[in-house]
Amino acid sequence: MSKALSVVCVLAATLLTSAGGVQAEDEKDIARMNAGAVTLITDGNSGQAAQYAADLANLMEAERDLRILPVMGHGPVEAVRDLLFLKGIDASIVPSDVVAYMHKQGLIADIDKTVTYIARLGSAQIHVIARKDITSLKDLAGKNINIGAASESRFITASMLFDTLGISFNAVDGSEAEAASLLKNGKADAIVILAPQPSPIVEDLARAGGYRLLNVTGNDELNGIYAPAILTAKTYGGLEQDGGMTETLSVSYAVAVFNWKKGTDRYYKLRKFADVLYSGIGDLQTGHWQAAWSDVNLSADLPGWARYVTADEWLANHKRTQADGETKEEAALRAEFQSYLERTNAGIGVGDSPGLEGFVRMKSSALQ
């Protein structure tokens with residue numbers, strides 16, 4: 001073998017060895033990246049859900065072993081279907097009434113058992129706006145109402161509302177962006193908007209005049225799905241019922257997950273996700289984010305849903321930590337009180353002691 005050929009062989013062997021090392025290192029990184037990637041699908045139509053997803057992605061950027069990959073879905077029902085059947089989807093942000101809707105429609109068996117939630121997020125309120133001469137939901141029977149397409153969150157909510165109350169109506173096609181025009185040109189007698197108040201669409205109709213916000217009150221079935229709410233936005237002037245307030249119902253958003261068994265790979269991934277979310281809620285509630293996190297209470301229950309085990313575990317551990325912290329604090333206070341008694345023992349009988357509660361009051365006064 002010539003010297004030149006020997007050099008070439010050595011170089012080739014070196015490159016192959018280096019490539020093998022790089023490839024092995026790359027494989028470790030790829031495995032780590034995939035293990036920490038949480039694909040989060042939204043309902044696709046709600047700007048609210050997209051904002052939550054974007055904020056969660058930004059919150060978890062600093063987590064080396066966790067990364068949120070937001071995906072835009074095609075409506076609440078499809079987002080739940082994707083969560084259950086589409087490979088790679090770990091979680092979904094959907095309106096909380098979608099599970100009740102799918103159960104009522106018989107779309108997926110035992111959906112209330114297979115779909116659970118990690119967190120209850122903020123809410124949106126039901127706005128039913130009608131012509132001025134229509135004064136109640138019952139007056140909408142047989143009328144033309146725009147509730148959106150099946151891929152819209154408001155379609156789910158309006159369908160649940162009118163079906164449960166036994167109100168039949170004629171559905172008018174048109175997106176949420178077209179809803180106000182449909183009401184103004186008379187093609188619709190009423191429209192349903194699902195949005196946090198104040199809604200720009202409803203504000204526009206308030207300025208136009210000639211319309212009314214209808215009271216929306218629930219029955220036993222609806223009250224098990226929705227929370228009561230009041231529309232009080234000052235920008236809705238002229239739309240409210242007598243008294244300046246309109247009763248309605250509120251729909252929460254949920255971070256939904258499949259009910260993976262404890263100990264599976266997905267369980268560990270979602271445990272990390274829940275830990276970062278719950279631990280970071282204080283940061284999210286500083287007001288420097290896209291979504292409205294200020295009214296989010298992660299410990300709040302979601303009617304009709306089961307909380308996923310990782311979230312339950314975090315809450316249980318947090319309560320234990322708080323209890324331990326309080327016990328240590330009490331122990332420290334008692335030790336300080338005992339030291340106080342020892343320092344002031346001269347000339348003070350047991351009956352003259354201020355007691356622990358008195359000592360706490362003394363401390364509080366001294367700090368003011």
# chains A, B, ... in the order shown; residues from 1 in each chain; ligands from 1
call {"tool": "residues_around", "arguments": {"residues": "Asn215 of chain A", "least_positions_apart": "3", "cutoff": "9 Å", "atoms": "only C-alpha atoms", "output": "MDAnalysis selection string"}}
result
chainID A and resid 127:128 135:137 240:241 245:248
call {"tool": "select_by_dssp", "arguments": {"residues": "segment 121-165 of chain A", "states": "alpha helix (DSSP H)", "output": "list of chain:residue names"}}
result
A:Ser153, A:Arg154, A:Phe155, A:Ile156, A:Thr157, A:Ala158, A:Ser159, A:Met160, A:Leu161, A:Phe162, A:Asp163, A:Thr164, A:Leu165
call {"tool": "closest_atom_pairs", "arguments": {"of": "segment 101-220 of chain A", "to": "segment 49-61 of chain A", "cutoff": "12 Å", "atoms": "only C-alpha atoms", "output": "CSV"}}
result
residue,atom,partner,partner_atom,distance
A:Ala119,CA,A:Tyr52,CA,11.5
A:Arg120,CA,A:Tyr52,CA,11.4
A:Leu121,CA,A:Tyr52,CA,8.4
A:Gly122,CA,A:Tyr52,CA,9.2
A:Ser123,CA,A:Ala49,CA,10.2
A:Ala124,CA,A:Ala49,CA,10.7
A:Ser153,CA,A:Ala49,CA,10.5
A:Ala195,CA,A:Ala49,CA,11.2
A:Pro196,CA,A:Ala49,CA,11.8
call {"tool": "write_last_selection", "arguments": {"atoms": "all heavy atoms", "output": "PDB file, in the first residue's frame"}}
result
ATOM      1  N   ALA A 119     -55.429  21.404  33.785  1.00  0.00           N
ATOM      2  CA  ALA A 119     -55.661  22.729  34.353  1.00  0.00           C
ATOM      3  C   ALA A 119     -56.948  23.339  33.810  1.00  0.00           C
ATOM      4  O   ALA A 119     -57.283  23.161  32.637  1.00  0.00           O
ATOM      5  CB  ALA A 119     -54.484  23.648  34.032  1.00  0.00           C
ATOM      6  N   ARG A 120     -57.642  24.019  34.678  1.00  0.00           N
ATOM      7  CA  ARG A 120     -58.796  24.836  34.291  1.00  0.00           C
ATOM      8  C   ARG A 120     -58.296  26.253  34.076  1.00  0.00           C
ATOM      9  O   ARG A 120     -57.747  26.872  34.988  1.00  0.00           O
ATOM     10  CB  ARG A 120     -59.858  24.801  35.385  1.00  0.00           C
ATOM     11  CG  ARG A 120     -61.062  25.685  35.106  1.00  0.00           C
ATOM     12  CD  ARG A 120     -62.086  25.544  36.227  1.00  0.00           C
ATOM     13  NE  ARG A 120     -63.248  26.393  35.994  1.00  0.00           N
ATOM     14  CZ  ARG A 120     -64.367  26.337  36.730  1.00  0.00           C
ATOM     15  NH1 ARG A 120     -64.455  25.474  37.743  1.00  0.00           N
ATOM     16  NH2 ARG A 120     -65.388  27.130  36.476  1.00  0.00           N
ATOM     17  N   LEU A 121     -58.472  26.768  32.869  1.00  0.00           N
ATOM     18  CA  LEU A 121     -57.964  28.088  32.524  1.00  0.00           C
ATOM     19  C   LEU A 121     -59.075  29.132  32.662  1.00  0.00           C
ATOM     20  O   LEU A 121     -60.023  28.938  33.409  1.00  0.00           O
ATOM     21  CB  LEU A 121     -57.384  28.061  31.110  1.00  0.00           C
ATOM     22  CG  LEU A 121     -56.286  27.018  30.879  1.00  0.00           C
ATOM     23  CD1 LEU A 121     -55.800  27.055  29.443  1.00  0.00           C
ATOM     24  CD2 LEU A 121     -55.125  27.227  31.843  1.00  0.00           C
ATOM     25  N   GLY A 122     -58.944  30.230  31.952  1.00  0.00           N
ATOM     26  CA  GLY A 122     -59.928  31.300  32.024  1.00  0.00           C
ATOM     27  C   GLY A 122     -61.215  30.944  31.319  1.00  0.00           C
ATOM     28  O   GLY A 122     -61.408  29.818  30.854  1.00  0.00           O
ATOM     29  N   SER A 123     -62.105  31.911  31.210  1.00  0.00           N
ATOM     30  CA  SER A 123     -63.438  31.623  30.691  1.00  0.00           C
ATOM     31  C   SER A 123     -63.876  32.631  29.633  1.00  0.00           C
ATOM     32  O   SER A 123     -63.262  33.678  29.450  1.00  0.00           O
ATOM     33  CB  SER A 123     -64.450  31.611  31.839  1.00  0.00           C
ATOM     34  OG  SER A 123     -64.440  32.863  32.511  1.00  0.00           O
ATOM     35  N   ALA A 124     -64.951  32.268  28.966  1.00  0.00           N
ATOM     36  CA  ALA A 124     -65.612  33.150  27.995  1.00  0.00           C
ATOM     37  C   ALA A 124     -67.102  33.154  28.333  1.00  0.00           C
ATOM     38  O   ALA A 124     -67.627  32.158  28.831  1.00  0.00           O
ATOM     39  CB  ALA A 124     -65.377  32.664  26.569  1.00  0.00           C
ATOM     40  N   SER A 153     -66.318  27.239  18.502  1.00  0.00           N
ATOM     41  CA  SER A 153     -66.658  26.963  19.899  1.00  0.00           C
ATOM     42  C   SER A 153     -68.075  27.412  20.221  1.00  0.00           C
ATOM     43  O   SER A 153     -68.791  26.753  20.982  1.00  0.00           O
ATOM     44  CB  SER A 153     -65.664  27.672  20.826  1.00  0.00           C
ATOM     45  OG  SER A 153     -64.352  27.213  20.596  1.00  0.00           O
ATOM     46  N   ALA A 195     -67.271  34.886  24.036  1.00  0.00           N
ATOM     47  CA  ALA A 195     -66.030  35.648  24.179  1.00  0.00           C
ATOM     48  C   ALA A 195     -65.939  36.238  25.569  1.00  0.00           C
ATOM     49  O   ALA A 195     -66.959  36.475  26.227  1.00  0.00           O
ATOM     50  CB  ALA A 195     -65.992  36.775  23.142  1.00  0.00           C
ATOM     51  N   PRO A 196     -64.711  36.496  26.030  1.00  0.00           N
ATOM     52  CA  PRO A 196     -64.566  37.215  27.299  1.00  0.00           C
ATOM     53  C   PRO A 196     -65.117  38.629  27.117  1.00  0.00           C
ATOM     54  O   PRO A 196     -64.953  39.234  26.052  1.00  0.00           O
ATOM     55  CB  PRO A 196     -63.049  37.244  27.526  1.00  0.00           C
ATOM     56  CG  PRO A 196     -62.485  36.209  26.615  1.00  0.00           C
ATOM     57  CD  PRO A 196     -63.405  36.128  25.452  1.00  0.00           C
TER      58      PRO A 196
END
call {"tool": "residues_around", "arguments": {"residues": "Glu176 of chain A", "least_positions_apart": "3", "cutoff": "8 Å", "atoms": "only C-alpha atoms", "output": "ChimeraX atom specification"}}
result
/A:148,179-180,193
call {"tool": "residues_around", "arguments": {"residues": "Leu40 of chain A", "least_positions_apart": "4", "cutoff": "8 Å", "atoms": "only C-alpha atoms", "output": "PyMOL selection string"}}
result
chain A and resi 53+68-71+89-93
call {"tool": "residues_around", "arguments": {"residues": "Ser181 of chain A", "least_positions_apart": "4", "cutoff": "12 Å", "atoms": "only C-alpha atoms", "output": "number ranges by chain"}}
result
A: 146, 173-177, 185-191, 201-202, 204-205, 208
call {"tool": "closest_residue", "arguments": {"among": "A:Ala141, A:Val192, A:Leu214, A:Met72", "to": "Asn170 of chain A", "atoms": "only C-alpha atoms"}}
result
A:Ala141
call {"tool": "residues_around", "arguments": {"residues": "segment 273-286 of chain A", "least_positions_apart": "6", "cutoff": "6 Å", "atoms": "only C-alpha atoms", "output": "count of residues only"}}
result
3
call {"tool": "atom_distance", "arguments": {"atom1": "atom CA of Thr235 of chain A", "atom2": "atom CA of His288 of chain A"}}
result
24.3 Å
call {"tool": "closest_residue", "arguments": {"among": "A:Lys104, A:Lys143, A:Lys234, A:Arg307", "to": "Ile156 of chain A", "atoms": "only C-alpha atoms"}}
result
A:Lys104
call {"tool": "select_by_dssp", "arguments": {"residues": "segment 189-338 of chain A", "states": "strand (DSSP E or B)", "output": "list of chain:residue names"}}
result
A:Ala190, A:Ile191, A:Val192, A:Ile193, A:Leu194, A:Ala195, A:Tyr211, A:Arg212, A:Leu213, A:Ala227, A:Pro228, A:Ala229, A:Ile230, A:Leu231, A:Thr246, A:Glu247, A:Thr248, A:Leu249, A:Ser250, A:Val251, A:Ser252, A:Tyr253, A:Ala254, A:Val255, A:Ala256, A:Val257, A:Phe258, A:Arg307
call {"tool": "write_last_selection", "arguments": {"atoms": "C-alpha atoms", "output": "CSV table (one decimal), in the first residue's frame"}}
result
chain,number,residue,atom,x,y,z
A,190,ALA,CA,-80.3,36.9,16.9
A,191,ILE,CA,-76.6,35.8,17.1
A,192,VAL,CA,-74.6,34.0,19.7
A,193,ILE,CA,-71.1,35.2,20.6
A,194,LEU,CA,-68.8,33.3,22.9
A,195,ALA,CA,-66.0,35.6,24.2
A,211,TYR,CA,-80.5,45.4,19.8
A,212,ARG,CA,-80.8,43.7,23.1
A,213,LEU,CA,-78.6,41.3,25.2
A,227,ALA,CA,-70.9,28.7,35.7
A,228,PRO,CA,-73.3,31.6,36.2
A,229,ALA,CA,-72.0,35.0,35.1
A,230,ILE,CA,-73.1,38.6,34.7
A,231,LEU,CA,-72.4,40.9,31.7
A,246,THR,CA,-77.5,40.7,32.0
A,247,GLU,CA,-77.4,37.2,33.4
A,248,THR,CA,-75.6,34.6,31.4
A,249,LEU,CA,-73.4,31.5,31.6
A,250,SER,CA,-69.6,31.1,31.4
A,251,VAL,CA,-67.5,28.5,29.6
A,252,SER,CA,-64.1,27.6,31.0
A,253,TYR,CA,-61.2,26.5,28.9
A,254,ALA,CA,-59.3,23.4,29.8
A,255,VAL,CA,-55.9,21.8,29.2
A,256,ALA,CA,-57.2,18.4,28.3
A,257,VAL,CA,-55.1,15.2,28.2
A,258,PHE,CA,-55.7,11.5,27.6
A,307,ARG,CA,-58.5,15.9,37.0
call {"tool": "residues_around", "arguments": {"residues": "segment 73-82 of chain A", "least_positions_apart": "5", "cutoff": "8 Å", "atoms": "only C-alpha atoms", "output": "mmCIF file with C-alpha atoms, in the first residue's frame"}}
result
data_model
loop_
_atom_site.group_PDB
_atom_site.id
_atom_site.type_symbol
_atom_site.label_atom_id
_atom_site.label_comp_id
_atom_site.auth_asym_id
_atom_site.auth_seq_id
_atom_site.Cartn_x
_atom_site.Cartn_y
_atom_site.Cartn_z
ATOM 1 C CA ILE A 41 -53.336 21.411 19.923
ATOM 2 C CA THR A 42 -55.918 24.211 20.183
ATOM 3 C CA ASP A 43 -59.478 24.420 18.929
ATOM 4 C CA GLY A 44 -58.226 26.498 15.995
ATOM 5 C CA ASN A 45 -60.893 29.216 16.082
ATOM 6 C CA LYS A 87 -50.226 10.179 17.027
ATOM 7 C CA ILE A 89 -50.711 14.912 20.279
ATOM 8 C CA SER A 92 -55.340 20.094 23.881
ATOM 9 C CA VAL A 94 -60.578 23.271 24.391
ATOM 10 C CA PRO A 95 -63.755 24.801 25.829
ATOM 11 C CA VAL A 98 -67.077 20.032 24.402
ATOM 12 C CA MET A 102 -69.701 14.905 22.519
ATOM 13 C CA ALA A 150 -69.575 23.142 13.707
ATOM 14 C CA SER A 151 -65.868 23.975 13.947
ATOM 15 C CA GLU A 152 -66.559 27.053 16.116
ATOM 16 C CA SER A 153 -66.658 26.963 19.899
#
